[in-house]
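Containing mmCIF, C-alpha atoms: protein.cif.
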data_start
loop_
_atom_site.group_PDB
_atom_site.id
_atom_site.type_symbol
_atom_site.label_atom_id
_atom_site.label_comp_id
_atom_site.auth_asym_id
_atom_site.auth_seq_id
_atom_site.Cartn_x
_atom_site.Cartn_y
_atom_site.Cartn_z
ATOM 1 C CA MET W 36 -67.360 -16.219 1.019
ATOM 2 C CA LYS W 37 -63.987 -16.453 2.638
ATOM 3 C CA THR W 38 -60.872 -15.243 0.937
ATOM 4 C CA ARG W 39 -57.399 -15.659 2.270
ATOM 5 C CA GLY W 40 -54.548 -13.373 1.639
ATOM 6 C CA PHE W 41 -51.581 -11.544 2.996
ATOM 7 C CA VAL W 42 -51.517 -8.013 4.126
ATOM 8 C CA ILE W 43 -48.244 -6.338 3.366
ATOM 9 C CA ALA W 44 -47.944 -3.907 6.222
ATOM 10 C CA ILE W 45 -45.718 -0.871 5.791
ATOM 11 C CA ASP W 46 -44.040 -1.389 9.156
ATOM 12 C CA ALA W 47 -43.135 -4.976 8.195
ATOM 13 C CA LEU W 48 -41.712 -3.790 4.892
ATOM 14 C CA LEU W 49 -39.792 -1.075 6.656
ATOM 15 C CA SER W 50 -38.307 -3.538 9.120
ATOM 16 C CA LEU W 51 -37.219 -5.793 6.241
ATOM 17 C CA ILE W 52 -35.597 -2.865 4.466
ATOM 18 C CA ILE W 53 -33.742 -1.905 7.651
ATOM 19 C CA LEU W 54 -32.646 -5.507 8.250
ATOM 20 C CA PHE W 55 -31.197 -6.005 4.781
ATOM 21 C CA SER W 56 -29.674 -2.519 4.780
ATOM 22 C CA MET W 57 -27.811 -3.385 7.971
ATOM 23 C CA ILE W 58 -26.548 -6.635 6.456
ATOM 24 C CA GLY W 59 -25.456 -4.701 3.369
ATOM 25 C CA LEU W 60 -23.715 -2.050 5.461
ATOM 26 C CA ALA W 61 -21.882 -4.726 7.439
ATOM 27 C CA PHE W 62 -20.549 -6.231 4.197
ATOM 28 C CA SER W 63 -19.633 -2.789 2.891
ATOM 29 C CA ALA W 64 -17.721 -1.945 6.068
ATOM 30 C CA PHE W 65 -15.910 -5.261 5.852
ATOM 31 C CA ASP W 66 -14.842 -4.587 2.265
ATOM 32 C CA HIS W 67 -13.347 -1.200 3.222
ATOM 33 C CA SER W 68 -10.833 -2.669 5.619
ATOM 34 C CA GLY W 69 -7.233 -1.655 6.223
ATOM 35 C CA GLY W 70 -6.076 -3.236 2.973
ATOM 36 C CA GLU W 71 -7.438 -0.402 0.904
ATOM 37 C CA TRP W 72 -5.692 2.191 3.057
ATOM 38 C CA ASN W 73 -2.408 0.296 2.729
ATOM 39 C CA GLU W 74 -2.736 0.259 -1.070
ATOM 40 C CA ARG W 75 -3.548 3.953 -1.193
ATOM 41 C CA PHE W 76 -0.654 4.879 1.067
ATOM 42 C CA ARG W 77 1.703 2.615 -0.864
ATOM 43 C CA LEU W 78 0.716 4.282 -4.154
ATOM 44 C CA SER W 79 1.080 7.816 -2.811
ATOM 45 C CA SER W 80 4.440 7.032 -1.158
ATOM 46 C CA PHE W 81 5.673 5.436 -4.369
ATOM 47 C CA ALA W 82 4.719 8.566 -6.334
ATOM 48 C CA HIS W 83 6.436 10.792 -3.784
ATOM 49 C CA HIS W 84 9.646 8.715 -3.819
ATOM 50 C CA ALA W 85 9.599 8.615 -7.626
ATOM 51 C CA GLY W 86 9.434 12.423 -7.773
ATOM 52 C CA VAL W 87 12.238 12.880 -5.243
ATOM 53 C CA THR W 88 14.363 10.234 -6.975
ATOM 54 C CA LEU W 89 13.997 11.835 -10.401
ATOM 55 C CA GLU W 90 14.910 15.229 -8.978
ATOM 56 C CA SER W 91 17.802 14.060 -6.763
ATOM 57 C CA SER W 92 19.393 11.974 -9.498
ATOM 58 C CA SER W 93 19.237 14.962 -11.885
ATOM 59 C CA TYR W 94 17.370 12.838 -14.426
ATOM 60 C CA LEU W 95 14.767 15.580 -14.834
ATOM 61 C CA SER W 96 17.187 18.465 -15.297
ATOM 62 C CA ARG W 97 19.300 16.337 -17.649
ATOM 63 C CA ALA W 98 16.226 15.481 -19.716
ATOM 64 C CA VAL W 99 15.482 19.200 -20.165
ATOM 65 C CA THR W 100 19.096 20.203 -20.790
ATOM 66 C CA LEU W 101 19.865 17.430 -23.257
ATOM 67 C CA ASP W 102 16.346 17.386 -24.703
ATOM 68 C CA SER W 103 16.363 13.633 -24.253
ATOM 69 C CA THR W 104 13.914 11.538 -22.234
ATOM 70 C CA THR W 105 15.920 8.300 -22.393
ATOM 71 C CA GLY W 106 16.888 8.400 -18.708
ATOM 72 C CA VAL W 107 13.359 9.161 -17.513
ATOM 73 C CA GLN W 108 12.021 6.434 -19.790
ATOM 74 C CA SER W 109 14.486 3.889 -18.337
ATOM 75 C CA PHE W 110 13.508 4.955 -14.833
ATOM 76 C CA LEU W 111 9.791 4.461 -15.551
ATOM 77 C CA ASP W 112 10.470 1.097 -17.198
ATOM 78 C CA SER W 113 12.179 -0.072 -13.988
ATOM 79 C CA PHE W 114 8.876 0.175 -12.100
ATOM 80 C CA PRO W 115 7.435 -3.131 -10.863
ATOM 81 C CA GLN W 116 5.385 -5.013 -13.415
ATOM 82 C CA ASN W 117 2.045 -4.104 -11.826
ATOM 83 C CA MET W 118 2.904 -0.426 -11.496
ATOM 84 C CA CYS W 119 2.475 2.153 -14.241
ATOM 85 C CA GLY W 120 3.694 5.696 -14.352
ATOM 86 C CA SER W 121 4.106 8.792 -16.451
ATOM 87 C CA VAL W 122 6.102 11.983 -16.104
ATOM 88 C CA ALA W 123 5.076 15.311 -17.587
ATOM 89 C CA VAL W 124 7.469 18.245 -17.379
ATOM 90 C CA TYR W 125 6.206 21.830 -17.513
ATOM 91 C CA PRO W 126 8.145 25.079 -17.573
ATOM 92 C CA SER W 127 6.977 26.875 -14.435
ATOM 93 C CA PRO W 128 4.662 28.724 -14.013
ATOM 94 C CA ASP W 129 2.928 27.571 -17.208
ATOM 95 C CA THR W 130 1.605 24.143 -16.340
ATOM 96 C CA ASN W 131 -0.730 23.874 -19.286
ATOM 97 C CA THR W 132 1.649 22.908 -22.049
ATOM 98 C CA ALA W 133 4.113 20.162 -21.217
ATOM 99 C CA ASP W 134 7.644 20.266 -22.601
ATOM 100 C CA PHE W 135 7.518 16.479 -22.724
ATOM 101 C CA ILE W 136 5.440 13.593 -21.462
ATOM 102 C CA VAL W 137 6.927 10.140 -20.945
ATOM 103 C CA SER W 138 5.015 6.993 -19.991
ATOM 104 C CA LYS W 139 6.216 3.575 -18.955
ATOM 105 C CA ASN W 140 6.243 1.190 -21.878
ATOM 106 C CA GLY W 141 3.088 -0.895 -21.968
ATOM 107 C CA CYS W 142 1.069 1.649 -19.985
ATOM 108 C CA SER W 143 -1.114 3.774 -22.183
ATOM 109 C CA SER W 144 -4.018 5.000 -20.097
ATOM 110 C CA ILE W 145 -4.732 5.335 -16.392
ATOM 111 C CA THR W 146 -6.709 2.435 -15.017
ATOM 112 C CA GLY W 147 -8.062 2.277 -11.484
ATOM 113 C CA GLU W 148 -6.592 4.217 -8.567
ATOM 114 C CA SER W 149 -3.912 6.767 -9.367
ATOM 115 C CA GLU W 150 -1.765 9.242 -7.487
ATOM 116 C CA VAL W 151 -0.244 12.462 -8.786
ATOM 117 C CA VAL W 152 2.625 14.379 -7.216
ATOM 118 C CA SER W 153 4.329 17.530 -8.384
ATOM 119 C CA GLN W 154 8.070 17.944 -8.059
ATOM 120 C CA GLY W 155 9.826 21.210 -8.717
ATOM 121 C CA PHE W 156 13.375 21.267 -10.080
ATOM 122 C CA MET W 157 15.917 23.785 -11.323
ATOM 123 C CA VAL W 158 17.700 23.807 -14.636
ATOM 124 C CA ALA W 159 20.756 25.987 -14.972
ATOM 125 C CA SER W 160 20.847 28.043 -18.103
ATOM 126 C CA PRO W 161 23.658 30.541 -17.409
ATOM 127 C CA PRO W 162 23.304 33.235 -16.388
ATOM 128 C CA ASP W 163 19.768 32.174 -15.429
ATOM 129 C CA VAL W 164 18.249 29.324 -13.502
ATOM 130 C CA ASN W 165 14.862 28.196 -14.735
ATOM 131 C CA LEU W 166 12.252 26.483 -12.612
ATOM 132 C CA TYR W 167 10.362 23.488 -13.974
ATOM 133 C CA VAL W 168 7.602 21.354 -12.534
ATOM 134 C CA ALA W 169 7.362 17.615 -13.108
ATOM 135 C CA ARG W 170 4.010 15.973 -12.605
ATOM 136 C CA ILE W 171 4.449 12.312 -11.782
ATOM 137 C CA THR W 172 1.411 10.064 -12.063
ATOM 138 C CA VAL W 173 1.464 6.467 -10.865
ATOM 139 C CA TRP W 174 -1.282 3.892 -11.020
ATOM 140 C CA VAL W 175 -1.746 0.180 -10.638
ATOM 141 C CA ASN W 176 -1.671 -1.630 -13.951
ATOM 142 C CA GLN W 177 -4.920 -3.541 -14.157
ATOM 143 C CA GLY W 178 -4.442 -4.605 -17.735
ATOM 144 C CA MET M 287 -50.665 -15.443 19.167
ATOM 145 C CA ASN M 288 -53.600 -14.984 21.526
ATOM 146 C CA PRO M 289 -55.066 -18.049 23.228
ATOM 147 C CA ILE M 290 -58.750 -18.341 22.310
ATOM 148 C CA GLN M 291 -61.515 -20.795 22.974
ATOM 149 C CA ILE M 292 -63.279 -22.508 20.053
ATOM 150 C CA GLY M 293 -66.104 -24.917 20.859
ATOM 151 C CA GLY M 294 -65.048 -25.210 24.440
ATOM 152 C CA LYS M 295 -61.523 -26.274 23.452
ATOM 153 C CA LYS M 296 -58.454 -24.308 24.303
ATOM 154 C CA GLY M 297 -55.901 -23.703 21.642
ATOM 155 C CA GLN M 298 -53.668 -21.250 19.910
ATOM 156 C CA LEU M 299 -54.188 -19.505 16.638
ATOM 157 C CA TYR M 300 -51.114 -19.191 14.481
ATOM 158 C CA ALA M 301 -51.632 -16.066 12.524
ATOM 159 C CA SER M 302 -50.188 -15.887 9.026
ATOM 160 C CA ASP M 303 -48.291 -12.686 9.677
ATOM 161 C CA ALA M 304 -46.646 -14.220 12.750
ATOM 162 C CA LEU M 305 -45.639 -17.276 10.738
ATOM 163 C CA LEU M 306 -44.305 -15.109 7.931
ATOM 164 C CA SER M 307 -42.288 -13.020 10.338
ATOM 165 C CA LEU M 308 -40.863 -16.218 11.834
ATOM 166 C CA VAL M 309 -39.874 -17.463 8.383
ATOM 167 C CA VAL M 310 -38.215 -14.143 7.540
ATOM 168 C CA PHE M 311 -36.468 -14.030 10.891
ATOM 169 C CA ALA M 312 -35.255 -17.622 10.571
ATOM 170 C CA PHE M 313 -34.033 -16.889 7.037
ATOM 171 C CA ALA M 314 -32.129 -13.792 8.138
ATOM 172 C CA LEU M 315 -30.684 -15.620 11.126
ATOM 173 C CA ALA M 316 -29.554 -18.534 8.972
ATOM 174 C CA LEU M 317 -28.050 -16.139 6.441
ATOM 175 C CA ILE M 318 -26.109 -14.206 9.070
ATOM 176 C CA ALA M 319 -24.988 -17.329 10.921
ATOM 177 C CA GLY M 320 -23.943 -18.976 7.668
ATOM 178 C CA ILE M 321 -21.734 -16.144 6.503
ATOM 179 C CA ASN M 322 -20.484 -15.238 9.965
ATOM 180 C CA TYR M 323 -18.082 -18.150 10.092
ATOM 181 C CA GLN M 324 -16.668 -17.302 6.664
ATOM 182 C CA LEU M 325 -16.391 -13.623 7.549
ATOM 183 C CA VAL M 326 -14.511 -14.302 10.776
ATOM 184 C CA ALA M 327 -12.095 -16.667 9.052
ATOM 185 C CA GLN M 328 -11.590 -14.230 6.179
ATOM 186 C CA SER M 329 -11.233 -11.297 8.565
ATOM 187 C CA ASP M 330 -8.509 -13.018 10.575
ATOM 188 C CA SER M 331 -6.585 -13.808 7.420
ATOM 189 C CA THR M 332 -7.082 -10.286 5.977
ATOM 190 C CA ASN M 333 -6.058 -8.596 9.211
ATOM 191 C CA GLN M 334 -2.874 -10.627 9.347
ATOM 192 C CA THR M 335 -2.040 -9.689 5.764
ATOM 193 C CA ASP M 336 -2.937 -6.031 6.368
ATOM 194 C CA VAL M 337 -0.733 -5.874 9.463
ATOM 195 C CA GLN M 338 2.152 -7.449 7.551
ATOM 196 C CA ASP M 339 1.635 -5.112 4.572
ATOM 197 C CA ALA M 340 1.568 -2.133 6.940
ATOM 198 C CA ALA M 341 4.787 -3.336 8.600
ATOM 199 C CA ALA M 342 6.506 -3.615 5.212
ATOM 200 C CA ILE M 343 5.369 -0.125 4.163
ATOM 201 C CA ARG M 344 6.308 1.397 7.529
ATOM 202 C CA THR M 345 9.743 -0.217 7.548
ATOM 203 C CA ILE M 346 10.794 0.766 4.032
ATOM 204 C CA THR M 347 9.382 4.285 4.500
ATOM 205 C CA THR M 348 11.376 4.713 7.714
ATOM 206 C CA LEU M 349 14.550 3.311 6.162
ATOM 207 C CA LEU M 350 14.391 5.531 3.069
ATOM 208 C CA SER M 351 13.091 8.703 4.689
ATOM 209 C CA SER M 352 14.956 8.776 7.995
ATOM 210 C CA PRO M 353 18.695 9.024 8.686
ATOM 211 C CA GLY M 354 18.165 7.003 11.871
ATOM 212 C CA GLU M 355 18.672 8.053 15.449
ATOM 213 C CA PRO M 356 21.227 9.197 16.272
ATOM 214 C CA VAL M 357 21.926 10.419 12.733
ATOM 215 C CA TYR M 358 25.501 9.135 12.987
ATOM 216 C CA TRP M 359 24.364 5.663 14.102
ATOM 217 C CA GLU M 360 26.487 3.985 11.427
ATOM 218 C CA THR M 361 29.648 5.177 13.191
ATOM 219 C CA LEU M 362 28.712 3.685 16.565
ATOM 220 C CA THR M 363 30.419 0.509 17.690
ATOM 221 C CA ASP M 364 27.861 -0.073 20.427
ATOM 222 C CA ARG M 365 24.663 -1.026 18.599
ATOM 223 C CA ASN M 366 22.675 -0.766 21.821
ATOM 224 C CA ALA M 367 23.127 3.013 21.526
ATOM 225 C CA VAL M 368 21.185 2.999 18.250
ATOM 226 C CA LYS M 369 17.572 4.062 18.760
ATOM 227 C CA SER M 370 16.382 3.591 15.187
ATOM 228 C CA VAL M 371 17.909 2.562 11.886
ATOM 229 C CA GLY M 372 17.606 4.772 8.801
ATOM 230 C CA LEU M 373 19.431 4.902 5.480
ATOM 231 C CA ALA M 374 18.634 8.406 4.237
ATOM 232 C CA ASN M 375 21.400 10.900 3.609
ATOM 233 C CA HIS M 376 21.015 14.674 3.449
ATOM 234 C CA HIS M 377 20.006 14.608 -0.209
ATOM 235 C CA ALA M 378 16.951 12.340 0.098
ATOM 236 C CA GLY M 379 18.947 9.365 -1.135
ATOM 237 C CA ILE M 380 20.564 6.330 0.427
ATOM 238 C CA SER M 381 23.802 6.987 2.279
ATOM 239 C CA ILE M 382 26.632 4.662 1.229
ATOM 240 C CA GLU M 383 28.004 4.556 4.791
ATOM 241 C CA LYS M 384 24.609 3.813 6.312
ATOM 242 C CA TRP M 385 23.874 1.120 3.731
ATOM 243 C CA ASN M 386 27.237 -0.554 4.416
ATOM 244 C CA ALA M 387 26.662 -0.371 8.193
ATOM 245 C CA PHE M 388 23.185 -1.834 7.675
ATOM 246 C CA VAL M 389 24.548 -4.736 5.612
ATOM 247 C CA ASP M 390 27.309 -5.347 8.196
ATOM 248 C CA TRP M 391 24.803 -5.350 11.033
ATOM 249 C CA ASN M 392 22.683 -7.832 9.066
ATOM 250 C CA ALA M 393 25.705 -10.106 8.588
ATOM 251 C CA ASP M 394 26.660 -9.869 12.277
ATOM 252 C CA ASP M 395 23.269 -10.168 13.933
ATOM 253 C CA TYR M 396 20.187 -10.395 11.727
ATOM 254 C CA THR M 397 17.865 -11.017 14.685
ATOM 255 C CA SER M 398 18.800 -7.860 16.572
ATOM 256 C CA LEU M 399 18.644 -5.785 13.366
ATOM 257 C CA LYS M 400 15.065 -6.776 12.660
ATOM 258 C CA GLN M 401 14.175 -6.052 16.275
ATOM 259 C CA TRP M 402 15.643 -2.565 15.845
ATOM 260 C CA MET M 403 13.582 -2.151 12.698
ATOM 261 C CA GLY M 404 10.426 -2.938 14.669
ATOM 262 C CA LEU M 405 9.642 -6.119 12.783
ATOM 263 C CA GLY M 406 9.307 -8.307 15.853
ATOM 264 C CA THR M 407 8.942 -11.932 14.867
ATOM 265 C CA SER M 408 8.556 -11.246 11.138
ATOM 266 C CA ASN M 409 11.421 -11.790 8.740
ATOM 267 C CA PHE M 410 12.567 -9.360 6.078
ATOM 268 C CA TYR M 411 14.567 -9.235 2.882
ATOM 269 C CA LEU M 412 15.687 -5.875 1.549
ATOM 270 C CA SER M 413 17.281 -5.571 -1.859
ATOM 271 C CA MET M 414 18.486 -2.653 -3.943
ATOM 272 C CA ALA M 415 18.759 -2.815 -7.720
ATOM 273 C CA ASP M 416 19.601 -0.298 -10.404
ATOM 274 C CA ILE M 417 17.107 0.586 -13.119
ATOM 275 C CA ASN M 418 18.451 -2.261 -15.257
ATOM 276 C CA ARG M 419 17.429 -4.622 -12.413
ATOM 277 C CA THR M 420 21.035 -5.442 -11.502
ATOM 278 C CA VAL M 421 21.108 -6.142 -7.762
ATOM 279 C CA LEU M 422 23.516 -3.760 -6.011
ATOM 280 C CA GLY M 423 23.065 -5.094 -2.491
ATOM 281 C CA TYR M 424 20.775 -6.927 -0.148
ATOM 282 C CA ALA M 425 20.160 -7.723 3.503
ATOM 283 C CA GLY M 426 17.947 -10.145 5.389
ATOM 284 C CA ILE M 427 16.790 -13.627 4.515
ATOM 285 C CA GLN M 428 15.185 -14.364 1.180
ATOM 286 C CA PRO M 429 11.717 -15.908 1.602
ATOM 287 C CA THR M 430 11.110 -19.392 0.248
ATOM 288 C CA ASP M 431 7.299 -19.286 0.248
ATOM 289 C CA VAL M 432 6.266 -16.358 -1.951
ATOM 290 C CA ASN M 433 2.562 -16.694 -1.083
ATOM 291 C CA SER M 434 2.762 -15.129 2.371
ATOM 292 C CA VAL M 435 5.151 -12.304 1.535
ATOM 293 C CA SER M 436 4.278 -8.596 1.660
ATOM 294 C CA VAL M 437 6.292 -6.798 -0.996
ATOM 295 C CA VAL M 438 6.774 -3.040 -1.177
ATOM 296 C CA VAL M 439 8.896 -1.365 -3.832
ATOM 297 C CA PHE M 440 10.013 2.245 -3.695
ATOM 298 C CA PRO M 441 12.417 4.172 -5.914
ATOM 299 C CA SER M 442 15.336 5.975 -4.332
ATOM 300 C CA VAL M 443 18.763 7.367 -5.126
ATOM 301 C CA TYR M 444 22.086 5.659 -4.458
ATOM 302 C CA GLN M 445 25.385 7.179 -5.547
ATOM 303 C CA GLN M 446 23.473 9.862 -7.481
ATOM 304 C CA LYS M 447 21.679 7.226 -9.561
ATOM 305 C CA PRO M 448 18.084 5.984 -9.348
ATOM 306 C CA VAL M 449 17.647 2.606 -7.703
ATOM 307 C CA VAL M 450 14.694 0.409 -6.919
ATOM 308 C CA VAL M 451 14.500 -0.728 -3.302
ATOM 309 C CA GLN M 452 12.354 -3.739 -2.540
ATOM 310 C CA MET M 453 11.275 -4.719 0.974
ATOM 311 C CA GLN M 454 9.792 -8.147 1.594
ATOM 312 C CA VAL M 455 8.244 -8.993 4.968
ATOM 313 C CA TYR M 456 6.956 -12.446 5.802
ATOM 314 C CA PRO M 457 6.042 -14.466 8.883
ATOM 315 C CA THR M 458 8.564 -16.747 10.556
#
Could I get this file's structure written as structure tokens?
Amino acid sequence: MKTRGFVIAIDALLSLIILFSMIGLAFSAFDHSGGEWNERFRLSSFAHHAGVTLESSSYLSRAVTLDSTTGVQSFLDSFPQNMCGSVAVYPSPDTNTADFIVSKNGCSSITGESEVVSQGFMVASPPDVNLYVARITVWVNQG
Amino acid sequence: MNPIQIGGKKGQLYASDALLSLVVFAFALALIAGINYQLVAQSDSTNQTDVQDAAAIRTITTLLSSPGEPVYWETLTDRNAVKSVGLANHHAGISIEKWNAFVDWNADDYTSLKQWMGLGTSNFYLSMADINRTVLGYAGIQPTDVNSVSVVVFPSVYQQKPVVVQMQVYPT
């Protein structure tokens, strides 16, 4: 009695696995092209510039002195439509409890890639000068 | 595939495993060849966009972070003496004098300005607006086709107030 059939050899299976893994890796490498790096760099540079801008324009120190976040809120609302951001200000060195947290209108939670930068700034409170830390978070609005 | 003799006749035996391997090989080859064309076309397009995006990011970063070289370039009458253009003042903001010199240069000779900015054959449009989106100034040529434009927006400071600087780079 003759019976026909296939023998699934381990070496054949292994070669198939290697073949499709290589195809998969090629696609994966293609997906991680320069575009992703550009986006990442753009986000981190934006966060850095936002921190420097808030400090240089005295919006942060004014927010602490006047106990008003209107200026910081306006600044965050001027971000491009697809960009979200929030600013949390802490009295240094205690960075656990924020004095205030402001987020761009329409941006509630962080979605996707985000970047965080810390920006120190001084607030004069004669005869003292107090140090504060602002933590600026920016992310791409995927909503 | 070993040649064997059956009943005095010469022939070739096609083994099932050899046939199967041929089918798998042909399938993989067809798959790779089929997507190769699409990948190459997509890659060319993506690379062009990536290069343009990178140029936009590099240009706006240089403009906002560097005072230019020499640092007093805005005072020079001979623009050939300018090695690089930058707008940053000593307080990490945009210098009024440098911005005005930049806008003047753009009005006088847009082509040489973009060469100095390292943009080569690409065009640019740089605008600065306050946080209420009121445009305070601009330079370059506004693009007409928005589909091929790389846009980068960074915050900065101008006259002690926050501004939003937008750089658009697009092919000629």
Q | Gap from atom CA of M:Glu355 to atom CA of M:Lys369 - Å, one decimal | A |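 A separation of 5.3 Å between them.
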Q: List, as an MDAnalysis selection string, every residue that the PyMOL selection byres ((chain W) within 8 of (chain M)) selects in the file provided.
A: chainID W and resid 41:42 69:70 73 77 80:81 84:85 87:89 91:93 109:110 112:115
Q.
So that I can check the surroundings of W:Ala82, please list as a PyMOL selection string every protein, DNA and RNA residue that reaches within 7 Å of it, counting all atoms listed in the file and ignoring chain neighbours fewer than 6 positions away.
A. chain W and resi 150-152+171-173
Q. Written as a ChimeraX atom specification, what is the full residue list that the PyMOL selection byres ((chain M and resi 387) around 10) yields on the file shown?
A. /M:359-362,371,373,381-386,388-393
Q) For the atom pair atom CA of W:Gln177 and atom CA of W:Gly86, what is the interatomic distance in Å to one decimal place? A)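 Computed distance, atom CA of W:Gln177 to atom CA of W:Gly86, equals 22.4 Å.
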Enclose all atoms of stretch 305-309 of chain M listed in the file in an axis-aligned box, grow every side by 6 Å, and hand back centre and edge lengths in Å to one decimal, as AutoDock Vina command-line options.
--center_x -42.8 --center_y -15.2 --center_z 9.9 --size_x 17.8 --size_y 16.4 --size_z 15.9
